Every structure is written in structure tokens, then in C-alpha cells.
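Visitor: Next comes the structure file upload11.pdb, holding PDB, C-alpha atoms, pLDDT in the B column.
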```pdb
ATOM      1  CA  MET C   1     128.938  93.879  87.619  1.00 40.00           C
ATOM      2  CA  SER C   2     125.457  95.255  87.044  1.00 50.00           C
ATOM      3  CA  ASN C   3     124.488  98.870  86.405  1.00 68.00           C
ATOM      4  CA  GLY C   4     124.111  99.699  90.069  1.00 80.00           C
ATOM      5  CA  TYR C   5     121.435 101.063  92.364  1.00 91.00           C
ATOM      6  CA  GLY C   6     121.562 104.427  94.046  1.00 92.00           C
ATOM      7  CA  SER C   7     120.123 106.925  96.444  1.00 94.00           C
ATOM      8  CA  GLN C   8     120.802 110.548  97.296  1.00 95.00           C
ATOM      9  CA  VAL C   9     120.075 113.070 100.040  1.00 95.00           C
ATOM     10  CA  LYS C  10     120.241 116.818  99.393  1.00 95.00           C
ATOM     11  CA  GLY C  11     120.363 119.857 101.623  1.00 93.00           C
ATOM     12  CA  LEU C  12     121.948 118.119 104.605  1.00 95.00           C
ATOM     13  CA  TRP C  13     122.946 120.618 107.308  1.00 95.00           C
ATOM     14  CA  VAL C  14     126.461 119.267 107.751  1.00 95.00           C
ATOM     15  CA  ALA C  15     129.633 120.695 106.237  1.00 96.00           C
ATOM     16  CA  PRO C  16     130.914 118.483 103.401  1.00 97.00           C
ATOM     17  CA  ARG C  17     134.341 118.268 105.007  1.00 96.00           C
ATOM     18  CA  LYS C  18     132.825 116.652 108.111  1.00 95.00           C
ATOM     19  CA  ALA C  19     130.535 114.349 106.120  1.00 96.00           C
ATOM     20  CA  ARG C  20     133.472 113.047 104.054  1.00 96.00           C
ATOM     21  CA  LEU C  21     135.089 111.676 107.209  1.00 96.00           C
ATOM     22  CA  VAL C  22     132.150 109.297 107.668  1.00 96.00           C
ATOM     23  CA  VAL C  23     131.727 108.475 103.987  1.00 96.00           C
ATOM     24  CA  ASP C  24     135.375 107.424 103.679  1.00 96.00           C
ATOM     25  CA  LEU C  25     134.801 104.740 106.341  1.00 95.00           C
ATOM     26  CA  VAL C  26     132.314 102.746 104.250  1.00 95.00           C
ATOM     27  CA  ARG C  27     133.538 103.150 100.663  1.00 95.00           C
ATOM     28  CA  GLY C  28     134.153  99.758  99.044  1.00 94.00           C
ATOM     29  CA  LYS C  29     132.625  97.697 101.857  1.00 95.00           C
ATOM     30  CA  SER C  30     129.696  95.332 101.647  1.00 95.00           C
ATOM     31  CA  VAL C  31     126.360  96.808 102.661  1.00 95.00           C
ATOM     32  CA  GLN C  32     126.133  94.854 105.909  1.00 95.00           C
ATOM     33  CA  ASP C  33     129.706  95.757 106.926  1.00 95.00           C
ATOM     34  CA  ALA C  34     129.045  99.412 106.109  1.00 96.00           C
ATOM     35  CA  LEU C  35     125.859  99.538 108.202  1.00 96.00           C
ATOM     36  CA  ASP C  36     127.615  97.791 111.118  1.00 96.00           C
ATOM     37  CA  CYS C  37     130.495 100.266 110.913  1.00 96.00           C
ATOM     38  CA  LEU C  38     128.115 103.247 110.888  1.00 95.00           C
ATOM     39  CA  LYS C  39     126.161 101.898 113.849  1.00 96.00           C
ATOM     40  CA  PHE C  40     129.190 102.441 116.107  1.00 96.00           C
ATOM     41  CA  CYS C  41     130.437 105.681 114.547  1.00 95.00           C
ATOM     42  CA  ARG C  42     129.790 108.649 116.832  1.00 95.00           C
ATOM     43  CA  LYS C  43     129.569 111.368 114.172  1.00 95.00           C
ATOM     44  CA  LYS C  44     126.369 113.321 113.464  1.00 94.00           C
ATOM     45  CA  THR C  45     126.420 112.207 109.822  1.00 95.00           C
ATOM     46  CA  ALA C  46     126.667 108.453 110.515  1.00 96.00           C
ATOM     47  CA  PRO C  47     122.928 107.707 110.950  1.00 96.00           C
ATOM     48  CA  ILE C  48     122.122 109.820 107.894  1.00 96.00           C
ATOM     49  CA  VAL C  49     124.621 107.923 105.725  1.00 96.00           C
ATOM     50  CA  ALA C  50     123.201 104.660 107.080  1.00 97.00           C
ATOM     51  CA  SER C  51     119.695 105.701 106.058  1.00 96.00           C
ATOM     52  CA  VAL C  52     120.879 106.661 102.562  1.00 96.00           C
ATOM     53  CA  ILE C  53     122.532 103.239 102.167  1.00 96.00           C
ATOM     54  CA  SER C  54     119.355 101.547 103.416  1.00 95.00           C
ATOM     55  CA  SER C  55     117.348 103.566 100.911  1.00 95.00           C
ATOM     56  CA  ALA C  56     119.651 102.422  98.099  1.00 95.00           C
ATOM     57  CA  VAL C  57     119.153  98.805  99.215  1.00 94.00           C
ATOM     58  CA  ALA C  58     115.374  99.309  99.143  1.00 93.00           C
ATOM     59  CA  ASN C  59     115.661 100.801  95.644  1.00 92.00           C
ATOM     60  CA  ALA C  60     117.654  97.756  94.552  1.00 91.00           C
ATOM     61  CA  LYS C  61     114.983  95.405  95.938  1.00 90.00           C
ATOM     62  CA  ASN C  62     112.186  97.274  94.147  1.00 89.00           C
ATOM     63  CA  LYS C  63     114.041  97.588  90.868  1.00 84.00           C
ATOM     64  CA  ALA C  64     115.124  93.968  90.429  1.00 77.00           C
ATOM     65  CA  THR C  65     115.525  90.682  92.221  1.00 79.00           C
ATOM     66  CA  VAL C  66     118.838  91.261  93.939  1.00 84.00           C
ATOM     67  CA  ASP C  67     120.697  89.283  96.576  1.00 86.00           C
ATOM     68  CA  VAL C  68     121.178  91.919  99.285  1.00 87.00           C
ATOM     69  CA  ASP C  69     124.169  90.076 100.741  1.00 88.00           C
ATOM     70  CA  SER C  70     126.099  90.529  97.488  1.00 90.00           C
ATOM     71  CA  LEU C  71     125.652  94.320  97.314  1.00 92.00           C
ATOM     72  CA  VAL C  72     128.733  96.504  97.764  1.00 95.00           C
ATOM     73  CA  VAL C  73     129.036 100.270  98.255  1.00 95.00           C
ATOM     74  CA  SER C  74     130.786 100.888  94.939  1.00 95.00           C
ATOM     75  CA  GLU C  75     130.488 104.690  94.938  1.00 95.00           C
ATOM     76  CA  ILE C  76     129.772 107.078  97.757  1.00 96.00           C
ATOM     77  CA  TYR C  77     130.656 110.733  97.710  1.00 96.00           C
ATOM     78  CA  VAL C  78     129.746 114.082  99.243  1.00 97.00           C
ATOM     79  CA  ASP C  79     129.223 117.217  97.152  1.00 96.00           C
ATOM     80  CA  GLU C  80     128.832 120.728  98.444  1.00 96.00           C
ATOM     81  CA  GLY C  81     125.288 122.062  98.505  1.00 96.00           C
ATOM     82  CA  PRO C  82     124.173 125.681  98.670  1.00 96.00           C
ATOM     83  CA  THR C  83     125.838 127.777 101.379  1.00 96.00           C
ATOM     84  CA  ASN C  84     123.774 130.095 103.561  1.00 96.00           C
ATOM     85  CA  LYS C  85     125.624 133.317 104.259  1.00 97.00           C
ATOM     86  CA  ARG C  86     125.191 135.132 107.568  1.00 97.00           C
ATOM     87  CA  HIS C  87     127.058 137.880 109.392  1.00 97.00           C
ATOM     88  CA  MET C  88     128.167 138.201 112.991  1.00 97.00           C
ATOM     89  CA  PRO C  89     128.522 141.684 114.446  1.00 97.00           C
ATOM     90  CA  ARG C  90     131.996 142.511 115.726  1.00 97.00           C
ATOM     91  CA  ALA C  91     133.718 145.414 117.399  1.00 97.00           C
ATOM     92  CA  GLN C  92     133.727 148.958 115.990  1.00 96.00           C
ATOM     93  CA  GLY C  93     130.738 148.442 113.699  1.00 96.00           C
ATOM     94  CA  ARG C  94     132.312 145.664 111.674  1.00 97.00           C
ATOM     95  CA  ALA C  95     130.837 142.303 110.712  1.00 97.00           C
ATOM     96  CA  THR C  96     132.460 138.972 109.887  1.00 98.00           C
ATOM     97  CA  PRO C  97     130.953 136.450 107.484  1.00 98.00           C
ATOM     98  CA  ILE C  98     129.606 133.091 108.651  1.00 97.00           C
ATOM     99  CA  ARG C  99     129.082 130.357 106.070  1.00 97.00           C
ATOM    100  CA  LYS C 100     126.557 127.678 106.963  1.00 96.00           C
ATOM    101  CA  ARG C 101     127.435 124.897 104.569  1.00 96.00           C
ATOM    102  CA  THR C 102     125.196 122.086 103.333  1.00 97.00           C
ATOM    103  CA  SER C 103     125.961 118.734 101.706  1.00 97.00           C
ATOM    104  CA  ARG C 104     124.629 116.266  99.165  1.00 97.00           C
ATOM    105  CA  ILE C 105     125.410 112.609  99.764  1.00 97.00           C
ATOM    106  CA  THR C 106     125.201 110.162  96.846  1.00 96.00           C
ATOM    107  CA  VAL C 107     125.416 106.374  97.223  1.00 96.00           C
ATOM    108  CA  LYS C 108     125.665 103.800  94.435  1.00 95.00           C
ATOM    109  CA  LEU C 109     125.565 100.074  95.109  1.00 94.00           C
ATOM    110  CA  SER C 110     126.579  97.274  92.803  1.00 93.00           C
ATOM    111  CA  GLU C 111     126.644  93.510  92.924  1.00 90.00           C
ATOM    112  CA  LEU C 112     129.823  91.487  93.266  1.00 82.00           C
TER     113      LEU C 112
END
```
Could you quickly redo this structure as C-alpha cells?

Guide:
Amino acid sequence: MSNGYGSQVKGLWVAPRKARLVVDLVRGKSVQDALDCLKFCRKKTAPIVASVISSAVANAKNKATVDVDSLVVSEIYVDEGPTNKRHMPRAQGRATPIRKRTSRITVKLSEL
């Protein structure tokens, strides 16, 4: 296996818990299988994950002469980004917290 090629997106306005559902679908698959799987996934995060994988493939092409068909999604994970904190007014002068969570998606590809 080679060192690997990667890509990352930061500040994504999706909760990490929801993004992990999509990421778990493509972990360990070949790049073409992963992109085909994401094409038919109906989650908000699916096209974003597909673009991050495509970006990693483009990085691999620019970095070295790589056979794209032999690339595999070796690592893909979602970390929690900064959380924006808001408040919603409630009865009797109270307020409840609202956490608007963000995500960071990291993809690493490697050759078979």
C-alpha cells in the first residue's frame, strides 16, 4: 500500500451524528463503488461526501501517476466542528439552549 491521498472539508452545517450515517456506507469500498452508492443515497450529506471523495481522487492524480480504478476509501471519518450556541425563548421568561453543530469530514484513499 502507498502513503495515501486525502481531502477534507471543514465547517459543514450538518450534525456529525447525521454525517456518520453516510460515511459508514462507503468506508472500505473502492472509489467507484463509493460514488455509485452515494449517488442513490437520499441524505443531505451524500453529495458533499461524494465531492470530498472526488477531490481526493483529483489530489491523487495531481500528486502521482495513479490508477484511479485501484483506489480504495481506506479512511473516512467525521469529527465535530465548532458548535454555534443559540437560545430559544420559552414560557415564563426562560430560555432553552439550541446547539447548531458543524462537522469536518476527512477522506484518505490508498491503492490496493

Visitor: Run the PyMOL selection byres ((chain C and resi 6) around 10) on the file and write out the hits as a count of residues only.

Guide: 22

Visitor: Using only C-alpha atoms - which residues lie no farther than 10 Å from the point (122.0, 93.5, 101.1) in the file's frame? Write them as a PDB file with C-alpha atoms, keeping the file's coordinate frame.

Guide:
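What ended up in point_27.pdb:
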```pdb
ATOM      1  CA  SER C  30     129.696  95.332 101.647  1.00 95.00           C
ATOM      2  CA  VAL C  31     126.360  96.808 102.661  1.00 95.00           C
ATOM      3  CA  GLN C  32     126.133  94.854 105.909  1.00 95.00           C
ATOM      4  CA  ASP C  33     129.706  95.757 106.926  1.00 95.00           C
ATOM      5  CA  ILE C  53     122.532 103.239 102.167  1.00 96.00           C
ATOM      6  CA  SER C  54     119.355 101.547 103.416  1.00 95.00           C
ATOM      7  CA  ALA C  56     119.651 102.422  98.099  1.00 95.00           C
ATOM      8  CA  VAL C  57     119.153  98.805  99.215  1.00 94.00           C
ATOM      9  CA  ALA C  58     115.374  99.309  99.143  1.00 93.00           C
ATOM     10  CA  ALA C  60     117.654  97.756  94.552  1.00 91.00           C
ATOM     11  CA  LYS C  61     114.983  95.405  95.938  1.00 90.00           C
ATOM     12  CA  VAL C  66     118.838  91.261  93.939  1.00 84.00           C
ATOM     13  CA  ASP C  67     120.697  89.283  96.576  1.00 86.00           C
ATOM     14  CA  VAL C  68     121.178  91.919  99.285  1.00 87.00           C
ATOM     15  CA  ASP C  69     124.169  90.076 100.741  1.00 88.00           C
ATOM     16  CA  SER C  70     126.099  90.529  97.488  1.00 90.00           C
ATOM     17  CA  LEU C  71     125.652  94.320  97.314  1.00 92.00           C
ATOM     18  CA  VAL C  72     128.733  96.504  97.764  1.00 95.00           C
ATOM     19  CA  LEU C 109     125.565 100.074  95.109  1.00 94.00           C
ATOM     20  CA  GLU C 111     126.644  93.510  92.924  1.00 90.00           C
TER      21      GLU C 111
END
```

Visitor: In Å, rounded to a single decimal, give me how far CA of Thr83 (chain C) is from CA of Thr96 (chain C).

Guide: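 Separation of CA of Thr96 (chain C) and CA of Thr83 (chain C): 15.5 Å.
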
Visitor: If you count all atoms listed in the file, which residues fall within 9 Å of Thr102 (chain C), apart from same-chain ones fewer than 3 positions away, as a list of chain:residue names?

Guide: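 Residues meeting the cut-off are C:Lys10, C:Gly11, C:Leu12, C:Trp13, C:Val14, C:Ala15, C:Pro16, C:Asp79, C:Glu80, C:Gly81, C:Pro82, C:Thr83, C:Asn84.
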
Visitor: Using all atoms listed in the file, can you tell me which of C:Leu112, C:Leu21, C:Ile98, C:Ile105 comes closest to Val49 (chain C)?

Guide: C:Ile105

Visitor: Work out how far apart CA of Cys41 (chain C) and CA of Val9 (chain C) are and give it in Å to one decimal.

Guide: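 CA of Val9 (chain C) lies 19.3 Å from CA of Cys41 (chain C).
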
Visitor: In Å to one decimal, how far is CA of Lys63 (chain C) from CA of Ala50 (chain C)?

Guide: 19.9 Å

Visitor: Calculated over only C-alpha atoms, which of the candidates C:Val22, C:Arg99, C:Ala34, C:Arg104 has the smallest distance to Val78 (chain C)?

Guide: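 Of C:Val22, C:Arg99, C:Ala34, C:Arg104, the one nearest Val78 (chain C) is C:Arg104, counting only C-alpha atoms.
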
Visitor: Got a moment to write region 20-35 of chain C out with all heavy atoms, as a CSV table (one decimal), in the first residue's frame?

Guide:
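result-v9.csv, written as the output of this step:
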```csv
chain,number,residue,atom,x,y,z
C,20,ARG,N,-22.2,10.8,10.0
C,20,ARG,CA,-21.6,9.5,10.1
C,20,ARG,C,-22.4,8.4,9.5
C,20,ARG,O,-21.9,7.3,9.1
C,20,ARG,CB,-21.3,9.2,11.6
C,20,ARG,CG,-20.2,10.0,12.2
C,20,ARG,CD,-19.9,9.7,13.6
C,20,ARG,NE,-18.9,10.6,14.1
C,20,ARG,CZ,-19.1,11.5,15.1
C,20,ARG,NH1,-20.2,11.6,15.7
C,20,ARG,NH2,-18.1,12.3,15.4
C,21,LEU,N,-23.7,8.6,9.4
C,21,LEU,CA,-24.6,7.6,8.8
C,21,LEU,C,-24.2,7.4,7.3
C,21,LEU,O,-24.2,6.3,6.8
C,21,LEU,CB,-26.0,8.0,8.9
C,21,LEU,CG,-26.7,8.0,10.3
C,21,LEU,CD1,-28.0,8.7,10.2
C,21,LEU,CD2,-26.7,6.7,10.9
C,22,VAL,N,-23.9,8.5,6.7
C,22,VAL,CA,-23.5,8.4,5.3
C,22,VAL,C,-22.1,7.9,5.1
C,22,VAL,O,-21.8,7.1,4.2
C,22,VAL,CB,-23.6,9.8,4.6
C,22,VAL,CG1,-23.2,9.8,3.2
C,22,VAL,CG2,-25.1,10.2,4.7
C,23,VAL,N,-21.2,8.4,5.9
C,23,VAL,CA,-19.8,8.0,5.9
C,23,VAL,C,-19.6,6.5,6.1
C,23,VAL,O,-18.7,5.8,5.4
C,23,VAL,CB,-19.0,8.8,6.9
C,23,VAL,CG1,-17.6,8.2,7.1
C,23,VAL,CG2,-18.8,10.2,6.4
C,24,ASP,N,-20.4,5.9,7.0
C,24,ASP,CA,-20.3,4.5,7.2
C,24,ASP,C,-20.6,3.6,6.0
C,24,ASP,O,-20.2,2.5,6.0
C,24,ASP,CB,-21.1,4.1,8.4
C,24,ASP,CG,-20.6,4.6,9.7
C,24,ASP,OD1,-19.4,5.0,9.8
C,24,ASP,OD2,-21.4,4.7,10.7
C,25,LEU,N,-21.4,4.2,5.1
C,25,LEU,CA,-21.8,3.4,3.9
C,25,LEU,C,-20.6,3.1,3.0
C,25,LEU,O,-20.6,2.1,2.3
C,25,LEU,CB,-22.9,4.2,3.1
C,25,LEU,CG,-24.3,4.3,3.8
C,25,LEU,CD1,-25.1,5.3,2.9
C,25,LEU,CD2,-24.9,3.0,3.9
C,26,VAL,N,-19.7,4.0,2.9
C,26,VAL,CA,-18.6,4.0,1.9
C,26,VAL,C,-17.3,3.5,2.4
C,26,VAL,O,-16.4,3.3,1.6
C,26,VAL,CB,-18.5,5.3,1.1
C,26,VAL,CG1,-19.8,5.6,0.4
C,26,VAL,CG2,-18.1,6.4,2.1
C,27,ARG,N,-17.1,3.4,3.7
C,27,ARG,CA,-15.8,3.0,4.3
C,27,ARG,C,-15.4,1.7,3.8
C,27,ARG,O,-16.1,0.7,3.8
C,27,ARG,CB,-15.9,3.0,5.8
C,27,ARG,CG,-14.5,2.9,6.4
C,27,ARG,CD,-14.6,3.0,7.9
C,27,ARG,NE,-14.9,4.3,8.4
C,27,ARG,CZ,-16.0,4.7,9.0
C,27,ARG,NH1,-16.9,3.8,9.3
C,27,ARG,NH2,-16.1,6.0,9.4
C,28,GLY,N,-14.2,1.6,3.2
C,28,GLY,CA,-13.6,0.3,2.7
C,28,GLY,C,-13.9,0.0,1.3
C,28,GLY,O,-13.4,-1.0,0.8
C,29,LYS,N,-14.8,0.7,0.7
C,29,LYS,CA,-15.2,0.4,-0.7
C,29,LYS,C,-14.2,1.0,-1.7
C,29,LYS,O,-13.5,2.0,-1.4
C,29,LYS,CB,-16.6,0.9,-1.0
C,29,LYS,CG,-17.7,0.2,-0.2
C,29,LYS,CD,-19.0,0.6,-0.7
C,29,LYS,CE,-20.1,-0.1,0.1
C,29,LYS,NZ,-21.4,0.2,-0.4
C,30,SER,N,-14.3,0.6,-2.9
C,30,SER,CA,-13.5,1.2,-4.0
C,30,SER,C,-14.1,2.6,-4.3
C,30,SER,O,-15.3,2.8,-4.0
C,30,SER,CB,-13.5,0.3,-5.2
C,30,SER,OG,-14.7,0.3,-5.8
C,31,VAL,N,-13.4,3.4,-4.9
C,31,VAL,CA,-13.9,4.8,-5.2
C,31,VAL,C,-15.1,4.8,-6.0
C,31,VAL,O,-16.1,5.5,-5.8
C,31,VAL,CB,-12.7,5.6,-5.8
C,31,VAL,CG1,-13.3,7.0,-6.3
C,31,VAL,CG2,-11.6,5.9,-4.8
C,32,GLN,N,-15.1,4.0,-7.1
C,32,GLN,CA,-16.2,3.9,-8.0
C,32,GLN,C,-17.5,3.4,-7.3
C,32,GLN,O,-18.6,3.9,-7.5
C,32,GLN,CB,-15.9,3.1,-9.2
C,32,GLN,CG,-16.9,3.3,-10.4
C,32,GLN,CD,-17.1,4.7,-10.8
C,32,GLN,OE1,-16.1,5.4,-11.0
C,32,GLN,NE2,-18.3,5.2,-10.9
C,33,ASP,N,-17.3,2.3,-6.5
C,33,ASP,CA,-18.5,1.8,-5.7
C,33,ASP,C,-19.0,2.8,-4.7
C,33,ASP,O,-20.2,2.9,-4.5
C,33,ASP,CB,-18.1,0.5,-5.0
C,33,ASP,CG,-17.8,-0.6,-5.9
C,33,ASP,OD1,-18.3,-0.6,-7.1
C,33,ASP,OD2,-17.2,-1.6,-5.5
C,34,ALA,N,-18.1,3.5,-4.1
C,34,ALA,CA,-18.5,4.5,-3.1
C,34,ALA,C,-19.3,5.7,-3.8
C,34,ALA,O,-20.3,6.1,-3.3
C,34,ALA,CB,-17.3,5.1,-2.4
C,35,LEU,N,-18.8,6.1,-4.9
C,35,LEU,CA,-19.5,7.2,-5.6
C,35,LEU,C,-20.9,6.8,-6.1
C,35,LEU,O,-21.9,7.5,-6.1
C,35,LEU,CB,-18.7,7.8,-6.8
C,35,LEU,CG,-17.4,8.5,-6.3
C,35,LEU,CD1,-16.6,8.9,-7.5
C,35,LEU,CD2,-17.8,9.8,-5.5
```
